[in-house]
>>> print(open('structure12.txt').read())   # compact mmCIF, C-alpha atoms
# COMPACT_ATOMS: atom_id res chain seq x y z
CA MET A 1 14.99 -20.24 -5.15
CA ASP A 2 15.49 -17.85 -8.07
CA ALA A 3 13.21 -15.87 -10.33
CA ALA A 4 11.78 -19.23 -11.50
CA ASP A 5 9.43 -19.08 -8.50
CA LEU A 6 7.62 -16.02 -9.83
CA SER A 7 5.97 -15.60 -13.22
CA ALA A 8 2.53 -14.82 -14.62
CA GLU A 9 2.11 -18.51 -15.56
CA GLN A 10 2.92 -19.73 -12.07
CA ILE A 11 0.58 -17.20 -10.56
CA GLN A 12 -2.21 -18.31 -12.91
CA ALA A 13 -1.53 -21.96 -12.01
CA CYS A 14 -2.12 -21.52 -8.27
CA LEU A 15 -4.65 -18.70 -8.30
CA LYS A 16 -7.96 -19.38 -6.53
CA THR A 17 -9.49 -15.92 -6.44
CA ARG A 18 -12.74 -14.96 -8.17
CA VAL A 19 -12.11 -11.28 -8.90
CA PHE A 20 -8.58 -10.42 -7.92
CA ALA A 21 -5.74 -10.94 -10.41
CA ARG A 22 -7.99 -11.41 -13.41
CA GLU A 23 -5.62 -8.89 -14.89
CA ILE A 24 -1.97 -9.60 -14.03
CA HIS A 25 0.87 -7.29 -14.98
CA TYR A 26 4.10 -9.15 -14.33
CA LEU A 27 7.27 -7.12 -14.79
CA GLU A 28 10.83 -8.28 -14.40
CA GLU A 29 11.78 -4.81 -13.35
CA THR A 30 9.92 -1.64 -12.55
CA GLU A 31 10.60 1.51 -10.59
CA SER A 32 7.76 0.87 -8.19
CA THR A 33 4.76 -1.46 -8.50
CA ASN A 34 2.64 1.18 -6.75
CA SER A 35 3.51 3.78 -9.38
CA GLU A 36 2.73 1.34 -12.18
CA ALA A 37 -0.56 0.30 -10.57
CA ASP A 38 -1.53 3.94 -10.06
CA ARG A 39 -0.88 4.62 -13.74
CA LEU A 40 -3.00 1.60 -14.73
CA ALA A 41 -5.79 2.58 -12.35
CA SER A 42 -5.86 6.11 -13.70
CA SER A 43 -6.28 4.74 -17.21
CA GLY A 44 -9.20 2.54 -16.19
CA SER A 45 -7.84 -0.87 -15.15
CA PRO A 46 -10.46 -2.70 -13.10
CA GLU A 47 -10.52 -3.47 -9.41
CA GLY A 48 -8.41 -6.49 -8.56
CA THR A 49 -5.77 -5.79 -11.22
CA ILE A 50 -2.36 -6.66 -9.83
CA VAL A 51 1.14 -5.49 -10.66
CA VAL A 52 3.93 -7.78 -9.54
CA ALA A 53 7.64 -7.35 -10.16
CA ASP A 54 10.75 -9.42 -9.68
CA ARG A 55 12.62 -6.29 -8.66
CA GLN A 56 11.98 -2.63 -8.05
CA THR A 57 14.53 0.04 -8.82
CA ARG A 58 12.82 2.67 -6.69
CA GLY A 59 10.69 0.69 -4.27
CA ARG A 60 8.98 3.10 -1.92
CA GLY A 61 8.20 3.01 1.73
CA ARG A 62 6.35 5.60 3.71
CA PHE A 63 6.98 9.24 2.90
CA GLY A 64 9.68 8.78 0.28
CA ARG A 65 11.70 6.21 2.20
CA SER A 66 13.12 3.54 -0.04
CA TRP A 67 12.17 -0.13 0.15
CA PHE A 68 15.09 -2.49 -0.44
CA SER A 69 13.91 -4.52 -3.46
CA PRO A 70 16.62 -6.82 -4.89
CA PRO A 71 15.75 -9.33 -7.64
CA GLY A 72 14.80 -12.95 -7.17
CA THR A 73 14.04 -12.88 -3.44
CA GLY A 74 11.15 -10.58 -2.62
CA LEU A 75 7.49 -10.23 -3.42
CA TYR A 76 6.64 -6.76 -4.68
CA LEU A 77 2.94 -6.49 -5.31
CA SER A 78 0.38 -3.75 -5.86
CA MET A 79 -3.37 -4.21 -6.13
CA ILE A 80 -5.92 -1.81 -7.56
CA LEU A 81 -8.94 -1.34 -5.29
CA ARG A 82 -12.06 0.70 -5.92
CA PRO A 83 -14.01 0.35 -2.66
CA PRO A 84 -17.32 2.23 -2.59
CA VAL A 85 -16.50 4.04 0.63
CA GLU A 86 -15.52 7.51 1.73
CA PRO A 87 -11.76 8.21 1.90
CA ALA A 88 -12.02 8.63 5.66
CA ALA A 89 -13.63 5.19 6.00
CA SER A 90 -10.96 3.35 4.03
CA HIS A 91 -8.24 3.11 6.67
CA TYR A 92 -9.25 -0.33 7.84
CA LEU A 93 -7.93 -1.61 4.49
CA VAL A 94 -4.45 -0.92 5.84
CA LEU A 95 -5.14 -3.42 8.61
CA LEU A 96 -6.86 -5.85 6.24
CA SER A 97 -3.75 -5.89 4.04
CA GLY A 98 -1.57 -6.78 7.00
CA VAL A 99 -3.93 -9.52 8.14
CA ALA A 100 -4.03 -11.10 4.65
CA CYS A 101 -0.23 -11.12 4.42
CA ALA A 102 0.19 -12.59 7.90
CA ARG A 103 -2.35 -15.34 7.24
CA ALA A 104 -0.73 -16.26 3.91
CA ILE A 105 2.72 -16.60 5.45
CA GLN A 106 1.35 -18.56 8.40
CA ASP A 107 -0.47 -20.97 6.08
CA LEU A 108 2.60 -21.76 4.02
CA CYS A 109 5.39 -21.47 6.56
CA HIS A 110 3.66 -22.55 9.78
CA THR A 111 5.40 -19.78 11.59
CA SER A 112 4.04 -17.05 13.78
CA VAL A 113 3.74 -13.67 12.06
CA GLU A 114 3.04 -10.58 14.11
CA LEU A 115 1.65 -7.22 13.07
CA LYS A 116 2.99 -3.98 14.45
CA TRP A 117 0.46 -1.14 14.21
CA PRO A 118 -0.64 -0.42 11.68
CA ASN A 119 0.76 -3.11 9.42
CA ASP A 120 4.45 -3.92 9.65
CA LEU A 121 4.92 -7.67 9.20
CA GLN A 122 7.29 -9.16 11.72
CA ILE A 123 8.70 -12.57 12.51
CA ARG A 124 10.58 -12.86 15.82
CA GLY A 125 10.60 -9.08 16.07
CA LYS A 126 12.27 -8.51 12.70
CA LYS A 127 10.43 -6.63 9.97
CA ILE A 128 9.98 -8.96 7.01
CA GLY A 129 7.37 -6.97 5.14
CA GLY A 130 5.73 -3.59 4.79
CA ILE A 131 2.57 -2.22 3.29
CA LEU A 132 1.85 1.20 1.83
CA LEU A 133 -1.56 2.27 0.59
CA GLU A 134 -1.96 5.20 -1.75
CA LEU A 135 -5.34 6.76 -2.18
CA SER A 136 -6.52 8.77 -5.13
CA ALA A 137 -9.51 10.94 -4.36
CA ASP A 138 -10.96 14.29 -5.22
CA HIS A 139 -13.69 16.39 -3.66
CA LYS A 140 -16.27 14.00 -5.06
CA GLY A 141 -14.82 10.96 -3.33
CA LEU A 142 -12.47 8.02 -3.65
CA ARG A 143 -11.35 7.16 -7.18
CA HIS A 144 -9.00 4.28 -6.50
CA LEU A 145 -6.71 2.94 -3.88
CA ILE A 146 -3.43 1.13 -4.45
CA ALA A 147 -2.38 -1.43 -1.86
CA GLY A 148 1.36 -1.96 -2.16
CA ILE A 149 2.99 -4.89 -0.41
CA GLY A 150 6.65 -5.77 -0.08
CA ILE A 151 7.69 -9.05 1.56
CA ASN A 152 11.25 -10.28 1.93
CA VAL A 153 10.85 -13.95 1.07
CA THR A 154 14.18 -15.68 0.49
CA THR A 155 16.53 -12.73 1.03
CA ARG A 156 19.68 -13.85 2.87
CA ARG A 157 21.02 -11.92 5.83
CA GLU A 158 24.18 -10.93 3.96
CA ASP A 159 22.10 -9.55 1.09
CA PHE A 160 20.60 -6.80 3.26
CA PRO A 161 22.47 -3.52 3.64
CA GLU A 162 24.43 -3.62 6.89
CA ASP A 163 22.43 -0.85 8.55
CA LEU A 164 19.21 -2.82 8.10
CA ARG A 165 20.35 -6.21 9.42
CA GLN A 166 19.49 -5.51 13.06
CA SER A 167 15.86 -4.71 12.36
CA VAL A 168 15.02 -6.36 9.05
CA GLY A 169 14.84 -9.97 7.94
CA SER A 170 13.09 -12.29 5.52
CA ILE A 171 10.86 -15.33 5.87
CA PHE A 172 13.99 -17.37 5.14
CA THR A 173 16.22 -15.71 7.73
CA GLU A 174 13.59 -15.69 10.49
CA ALA A 175 11.65 -18.90 9.85
CA GLY A 176 14.29 -20.93 7.99
CA ILE A 177 11.91 -21.74 5.16
CA ARG A 178 12.29 -21.19 1.42
CA VAL A 179 8.86 -20.67 -0.02
CA SER A 180 7.72 -19.82 -3.54
CA ARG A 181 6.81 -16.21 -4.11
CA SER A 182 4.00 -17.21 -6.49
CA GLU A 183 2.43 -19.40 -3.80
CA ILE A 184 2.61 -16.67 -1.20
CA LEU A 185 1.12 -14.22 -3.66
CA CYS A 186 -1.82 -16.49 -4.53
CA ARG A 187 -2.55 -17.29 -0.90
CA LEU A 188 -2.31 -13.64 0.02
CA LEU A 189 -4.73 -12.63 -2.74
CA LEU A 190 -7.25 -15.24 -1.62
CA HIS A 191 -7.12 -14.08 2.00
CA PHE A 192 -7.35 -10.48 0.87
CA GLU A 193 -10.26 -11.02 -1.52
CA ASN A 194 -12.36 -12.98 0.98
CA ARG A 195 -11.98 -10.37 3.69
CA TYR A 196 -12.32 -7.41 1.33
CA PHE A 197 -15.70 -8.36 -0.10
CA LEU A 198 -16.99 -9.47 3.27
CA SER A 199 -16.01 -6.12 4.76
CA LEU A 200 -17.81 -4.21 2.00
CA THR A 201 -21.10 -5.78 3.03
CA GLN A 202 -20.61 -6.27 6.75
CA GLY A 203 -18.22 -3.50 7.77
CA PRO A 204 -14.71 -3.94 9.11
CA SER A 205 -15.37 -5.25 12.61
CA ALA A 206 -14.24 -8.81 11.80
CA ILE A 207 -11.01 -7.42 10.30
CA LEU A 208 -10.34 -5.33 13.40
CA THR A 209 -10.88 -8.37 15.62
CA GLU A 210 -8.56 -10.51 13.53
CA TRP A 211 -5.92 -7.79 13.47
CA THR A 212 -6.11 -7.57 17.26
CA GLN A 213 -5.36 -11.30 17.47
CA LEU A 214 -2.26 -10.93 15.31
CA THR A 215 -0.71 -7.78 16.74
CA THR A 216 2.05 -7.43 19.30
CA THR A 217 1.45 -3.69 19.70
CA LEU A 218 -1.42 -3.74 22.20
CA GLY A 219 -0.46 -3.57 25.85
CA ARG A 220 2.96 -2.15 25.00
CA MET A 221 4.45 1.21 26.00
CA LEU A 222 4.87 3.25 22.84
CA ARG A 223 6.33 6.51 21.69
CA VAL A 224 4.47 8.03 18.78
CA SER A 225 5.83 10.99 16.84
CA TYR A 226 2.85 12.57 15.19
CA GLY A 227 2.41 15.92 13.52
CA GLY A 228 5.24 17.55 15.43
CA GLN A 229 4.09 16.11 18.76
CA VAL A 230 5.54 13.21 20.68
CA LEU A 231 3.17 11.09 22.72
CA GLU A 232 4.06 8.29 25.09
CA GLY A 233 1.59 5.86 26.49
CA THR A 234 0.23 2.37 26.59
CA ALA A 235 -1.55 0.99 23.54
CA THR A 236 -4.93 -0.13 24.83
CA GLY A 237 -6.75 -0.98 21.62
CA ILE A 238 -7.91 0.19 18.24
CA ASP A 239 -11.13 1.99 17.49
CA ALA A 240 -13.66 1.45 14.72
CA ASP A 241 -11.49 3.29 12.18
CA GLY A 242 -8.37 1.27 13.06
CA GLY A 243 -6.82 4.20 14.93
CA LEU A 244 -4.58 3.29 17.82
CA LEU A 245 -5.83 4.17 21.31
CA LEU A 246 -3.02 5.35 23.52
CA ARG A 247 -3.52 5.80 27.27
CA LEU A 248 -1.27 8.60 28.43
CA ALA A 249 0.25 9.03 31.89
CA SER A 250 -2.36 11.75 32.57
CA GLY A 251 -5.12 9.17 32.28
CA LEU A 252 -6.41 10.60 29.00
CA THR A 253 -6.77 8.32 26.03
CA GLU A 254 -5.71 9.71 22.67
CA LYS A 255 -6.49 8.26 19.30
CA VAL A 256 -3.47 8.06 17.02
CA LEU A 257 -3.99 7.88 13.26
CA ALA A 258 -0.51 8.57 11.99
CA GLY A 259 3.06 8.81 13.10
CA ASP A 260 6.19 6.82 13.73
CA VAL A 261 5.67 4.20 16.41
CA THR A 262 8.51 3.02 18.63
CA VAL A 263 8.01 0.26 21.20
CA LEU A 264 9.58 1.30 24.52
CA ASP A 265 9.20 -1.81 26.67
CA MET B 1 -17.28 16.07 37.15
CA ASP B 2 -19.42 19.21 36.88
CA LEU B 3 -20.44 21.36 33.94
CA LYS B 4 -17.36 23.58 34.30
CA ASP B 5 -15.04 20.58 34.10
CA LEU B 6 -16.86 19.47 31.01
CA GLU B 7 -16.51 22.90 29.43
CA GLU B 8 -12.79 22.89 30.13
CA LEU B 9 -12.46 19.44 28.64
CA ILE B 10 -14.27 20.52 25.47
CA ASP B 11 -12.09 23.64 25.22
CA LEU B 12 -8.96 21.50 25.55
CA PHE B 13 -10.24 19.07 22.97
CA GLU B 14 -11.01 21.81 20.48
CA ARG B 15 -7.59 23.38 20.84
CA LYS B 16 -5.68 20.13 20.28
CA LYS B 17 -5.14 18.50 16.91
CA ILE B 18 -6.78 15.27 17.93
CA ALA B 19 -9.75 13.56 16.38
CA GLU B 20 -11.20 11.79 19.34
CA LEU B 21 -10.91 11.81 23.11
CA GLU B 22 -12.25 9.57 25.80
CA PHE B 23 -12.11 10.63 29.43
CA GLU B 24 -13.23 8.82 32.54
CA ARG B 25 -13.34 10.06 36.12
CA SER B 26 -15.36 8.92 39.12
CA GLY B 27 -17.65 6.78 37.04
CA VAL B 28 -18.42 9.52 34.49
CA ARG B 29 -17.25 8.81 31.00
CA VAL B 30 -17.08 11.43 28.24
CA ARG B 31 -16.34 10.72 24.62
CA LEU B 32 -15.66 13.58 22.20
CA LYS B 33 -15.18 13.18 18.50
CA LYS B 34 -14.47 15.66 15.72
CA SER B 35 -16.02 14.99 12.39
CA ALA B 36 -16.16 16.68 9.01
CA SER B 37 -19.87 16.46 8.51
CA PRO B 38 -22.71 15.80 10.92
CA GLU B 39 -23.99 13.08 8.62
CA THR B 40 -21.08 10.81 9.44
CA VAL B 41 -20.78 11.33 13.20
CA GLY B 42 -20.45 8.02 14.93
CA VAL B 43 -21.85 5.99 12.05
CA PRO B 44 -19.04 5.17 9.64
CA PHE B 45 -20.78 1.83 9.03
CA PRO B 46 -22.84 0.40 7.59
CA TRP B 47 -22.13 2.20 4.36
CA PRO B 48 -24.76 3.29 1.93
CA ALA B 49 -25.95 0.61 -0.44
CA LEU B 50 -23.05 -0.59 -2.54
CA THR B 51 -22.61 1.29 -5.75
CA PRO B 52 -20.63 0.25 -8.79
CA PRO B 53 -16.99 1.35 -8.93
CA GLY B 54 -16.68 4.96 -9.95
CA SER B 55 -20.16 5.97 -8.93
CA ALA B 56 -19.48 6.26 -5.21
CA ALA B 57 -18.88 9.95 -5.55
CA GLY B 58 -22.49 10.53 -6.52
CA ALA B 59 -23.65 9.56 -3.07
CA LYS B 60 -21.52 12.17 -1.43
CA GLY B 61 -23.32 15.27 -2.49
CA ASP B 62 -21.79 18.65 -3.07
CA LEU B 63 -18.44 20.06 -2.14
CA ASP B 64 -19.54 21.26 1.28
CA ALA B 65 -20.99 17.94 2.27
CA ALA B 66 -17.98 16.08 1.03
CA ASN B 67 -15.32 18.21 2.54
CA GLY B 68 -16.81 19.40 5.75
CA ARG B 69 -17.40 22.89 6.87
CA GLY B 70 -16.62 25.23 9.63
CA ASN B 71 -12.84 25.14 9.45
CA SER B 72 -12.28 27.35 6.45
CA PRO B 73 -11.17 30.92 6.96
CA PRO B 74 -13.56 33.60 5.66
CA LEU B 75 -11.66 33.79 2.37
CA ALA B 76 -13.37 30.55 1.38
CA SER B 77 -16.74 32.17 1.15
CA THR B 78 -15.79 34.48 -1.68
CA SER B 79 -16.91 33.15 -5.01
CA ASN B 80 -13.60 33.35 -6.86
CA VAL B 81 -11.57 31.36 -4.36
CA VAL B 82 -11.59 27.60 -4.01
CA THR B 83 -10.56 26.15 -0.67
CA VAL B 84 -8.90 22.77 -0.80
CA THR B 85 -9.71 20.82 2.34
CA SER B 86 -8.49 17.58 3.86
CA PRO B 87 -10.81 14.60 3.42
CA ILE B 88 -9.17 12.73 6.32
CA VAL B 89 -7.45 13.28 9.64
CA GLY B 90 -3.73 12.80 9.31
CA THR B 91 -0.30 14.33 8.88
CA PHE B 92 0.11 16.97 6.19
CA TYR B 93 3.11 16.82 3.88
CA ARG B 94 3.92 19.48 1.32
CA ALA B 95 6.60 17.37 -0.41
CA PRO B 96 6.87 13.72 -1.44
CA SER B 97 9.94 13.19 0.79
CA PRO B 98 11.90 15.21 3.36
CA GLU B 99 14.58 16.18 0.81
CA ALA B 100 12.20 17.00 -2.03
CA GLU B 101 10.84 20.36 -3.09
CA PRO B 102 7.24 21.13 -2.09
CA PHE B 103 4.61 20.00 -4.58
CA VAL B 104 3.47 23.61 -4.89
CA GLN B 105 4.39 27.08 -3.61
CA GLU B 106 2.27 30.16 -3.14
CA GLY B 107 1.93 31.92 -6.48
CA ASP B 108 2.32 28.73 -8.53
CA LEU B 109 -0.08 28.03 -11.36
CA VAL B 110 -1.56 24.55 -11.11
CA GLU B 111 -3.50 22.32 -13.45
CA LYS B 112 -6.70 20.55 -12.48
CA GLY B 113 -5.73 17.23 -10.94
CA GLN B 114 -2.21 18.33 -10.03
CA VAL B 115 -0.99 16.96 -6.69
CA LEU B 116 -0.82 19.68 -4.06
CA CYS B 117 0.14 17.74 -0.96
CA ILE B 118 -0.15 14.42 0.84
CA VAL B 119 -2.17 13.72 3.96
CA GLU B 120 -1.13 10.48 5.66
CA ALA B 121 -2.89 8.37 8.22
CA MET B 122 -1.98 4.80 9.15
CA LYS B 123 0.39 4.42 6.19
CA LEU B 124 -2.39 5.38 3.85
CA MET B 125 -1.07 8.20 1.74
CA ASN B 126 -3.78 10.46 0.39
CA GLU B 127 -2.62 12.65 -2.48
CA ILE B 128 -4.71 15.80 -2.53
CA GLU B 129 -5.22 17.22 -5.99
CA ALA B 130 -6.26 20.59 -7.30
CA GLU B 131 -9.99 20.60 -8.03
CA CYS B 132 -9.51 23.20 -10.73
CA ALA B 133 -6.79 24.96 -12.67
CA GLY B 134 -5.69 28.12 -10.96
CA LYS B 135 -3.18 30.01 -8.89
CA ILE B 136 -2.16 29.04 -5.35
CA LEU B 137 -3.08 32.06 -3.26
CA SER B 138 -2.08 30.62 0.07
CA ALA B 139 -0.74 27.45 1.63
CA LEU B 140 -2.37 27.28 5.03
CA VAL B 141 -0.66 24.39 6.83
CA GLU B 142 2.97 23.80 7.77
CA ASN B 143 4.72 20.67 6.58
CA GLY B 144 4.45 17.83 9.10
CA ASN B 145 1.48 19.29 10.99
CA ALA B 146 -1.57 17.29 11.91
CA VAL B 147 -4.74 18.20 10.02
CA GLU B 148 -8.37 17.48 10.76
CA TYR B 149 -11.33 16.44 8.67
CA GLY B 150 -12.33 19.34 6.48
CA GLU B 151 -9.41 21.55 7.51
CA ALA B 152 -8.51 24.13 4.87
CA LEU B 153 -5.15 23.37 3.23
CA PHE B 154 -4.87 25.75 0.28
CA HIS B 155 -6.70 28.63 -1.30
CA ILE B 156 -6.75 28.56 -5.08
CA GLU B 157 -7.91 31.31 -7.41
CA PRO B 158 -9.50 29.56 -10.41
CA LEU B 159 -8.17 30.69 -13.77
>>> encode(input="structure12.txt", output="structure tokens")
Amino acid sequence: MDAADLSAEQIQACLKTRVFAREIHYLEETESTNSEADRLASSGSPEGTIVVADRQTRGRGRFGRSWFSPPGTGLYLSMILRPPVEPAASHYLVLLSGVACARAIQDLCHTSVELKWPNDLQIRGKKIGGILLELSADHKGLRHLIAGIGINVTTRREDFPEDLRQSVGSIFTEAGIRVSRSEILCRLLLHFENRYFLSLTQGPSAILTEWTQLTTTLGRMLRVSYGGQVLEGTATGIDADGGLLLRLASGLTEKVLAGDVTVLD
Amino acid sequence: MDLKDLEELIDLFERKKIAELEFERSGVRVRLKKSASPETVGVPFPWPALTPPGSAAGAKGDLDAANGRGNSPPLASTSNVVTVTSPIVGTFYRAPSPEAEPFVQEGDLVEKGQVLCIVEAMKLMNEIEAECAGKILSALVENGNAVEYGEALFHIEPL
């Protein structure tokens, strides 16, 4: 599968959403779809606008880490969201993004996709996708939120840098299926849109329940590096904000909202 | 658990950079939660009636209500100093990546809307911007530290 599986026309042809992707910005190459979407959002592009690129030259992961984004094989997508919620109440959208991606891949590939808290996408323990949300807010409240998604779709094992091959894969390497990026994108947008608007009227509890069904993090022994501290404990659940509840050896339960999570068992 | 135990637990909770704590012993269960503003304690949902995009801010009220209170050093109360506070619990970053220069240093002049720092929680990166043009008087939090709702991050002298 080459770049022929991703274009604005193909996306339009399989799109079933009502609000999302009314405005599509397809780019053959961009530094980062999140940066482009942020620029568009700041100049007034509406909610649901998407930026999708065949390749990124400076794809970003968390905290300045790069996201390997070669051409022709990955889905690099950013969506503009303008949820009418407080910044502190928007974290569940991180989990919602992961759920929508997992459901889309499951629908098309009939393979099991797991979520590692908060939203790494994994197949057979290998990371095949990541999600990074960037929030723009001031003292008056949330202005916009960019949900950035990177999924390795048809990337071959030998295409990944050597130091990533142990931990990273693609849908193709882990499930043995070559699937169209446009189809994954459209399915993903539909799953996202349905859950997003439902959550705005009913709250996020259904999202949290669905995330819990898809995760492999709960019940595991974890090490979390967070704000200069290192915590170790068993993941017992998530709370109403999506924060991870970690039961420590002392018997105390701590809520974790950030940090690097390593599975120990 | 007696009242003294409870007091000790609350003291411990207040000293630690954690947002929420649940403790259970001998059938007694205690749940403590820090929050920016009393209005939001325990009821993040349902949200206020949906408002059109862009108008959500109107429902939030003034700066104090939006950003919490109680954590700012006394400097914040003087009229010519603006305290920039964190709208979420998370990890505070002064630079966009470990190798990069800090967004701002003490003494820097900043424009309104200029990014001062990032607070991250659950892979949601929240860029905190200057609310006004001015001079950075003090940067109050170390890079990589955990911050709480409403915690003071910078003092800015408006210019």
>>> interface_residues(input="structure12.txt", of="chain A", to="chain B", cutoff="6 Å", atoms="only C-alpha atoms", output="PyMOL selection string")
chain A and resi 63-64+82+84+88+118+132-135+140-141+227+252-255+257-258
>>> write_last_selection(input="structure12.txt", atoms="C-alpha atoms", output="CSV table (one decimal), in the frame of the given file")
chain,number,residue,atom,x,y,z
A,63,PHE,CA,7.0,9.2,2.9
A,64,GLY,CA,9.7,8.8,0.3
A,82,ARG,CA,-12.1,0.7,-5.9
A,84,PRO,CA,-17.3,2.2,-2.6
A,88,ALA,CA,-12.0,8.6,5.7
A,118,PRO,CA,-0.6,-0.4,11.7
A,132,LEU,CA,1.8,1.2,1.8
A,133,LEU,CA,-1.6,2.3,0.6
A,134,GLU,CA,-2.0,5.2,-1.8
A,135,LEU,CA,-5.3,6.8,-2.2
A,140,LYS,CA,-16.3,14.0,-5.1
A,141,GLY,CA,-14.8,11.0,-3.3
A,227,GLY,CA,2.4,15.9,13.5
A,252,LEU,CA,-6.4,10.6,29.0
A,253,THR,CA,-6.8,8.3,26.0
A,254,GLU,CA,-5.7,9.7,22.7
A,255,LYS,CA,-6.5,8.3,19.3
A,257,LEU,CA,-4.0,7.9,13.3
A,258,ALA,CA,-0.5,8.6,12.0
>>> atom_distance(input="structure12.txt", atom1="CA of Trp67 in chain A", atom2="CA of Gln12 in chain A")
26.6 Å
>>> closest_residue(input="structure12.txt", among="A:Ser7, A:Arg247, A:Gly237, A:Ile149", to="Phe192 in chain A", atoms="all atoms listed in the file")
A:Ile149
>>> atom_distance(input="structure12.txt", atom1="CA of Ser112 in chain A", atom2="CA of Asp5 in chain A")
23.0 Å
>>> residues_around(input="structure12.txt", residues="Phe160 in chain A", least_positions_apart="5", cutoff="12 Å", atoms="only C-alpha atoms", output="ChimeraX atom specification")
/A:67-70,73-74,128,152,154-155,165-170,173
>>> atom_distance(input="structure12.txt", atom1="CA of Phe20 in chain A", atom2="CA of Ser205 in chain A")
22.2 Å
>>> closest_residue(input="structure12.txt", among="A:Leu188, A:Cys109, A:Val261, A:Val179", to="Ala4 in chain A", atoms="all atoms listed in the file")
A:Val179
>>> closest_residue(input="structure12.txt", among="A:Leu77, A:Leu40, A:Val85, A:Ala240", to="Gln56 in chain A", atoms="all atoms listed in the file")
A:Leu77
>>> closest_residue(input="structure12.txt", among="A:Leu185, A:Tyr226, A:Leu96, A:Gly242", to="Leu198 in chain A", atoms="only C-alpha atoms")
A:Leu96
>>> closest_residue(input="structure12.txt", among="A:Thr216, A:Gln106, A:Thr57, A:Thr17", to="Pro71 in chain A", atoms="all atoms listed in the file")
A:Thr57
>>> residues_near_point(input="structure12.txt", point="(13.0, -0.2, 20.5)", cutoff="12 Å", atoms="only C-alpha atoms", output="ChimeraX atom specification")
/A:125-126,166-167,220-224,260-265
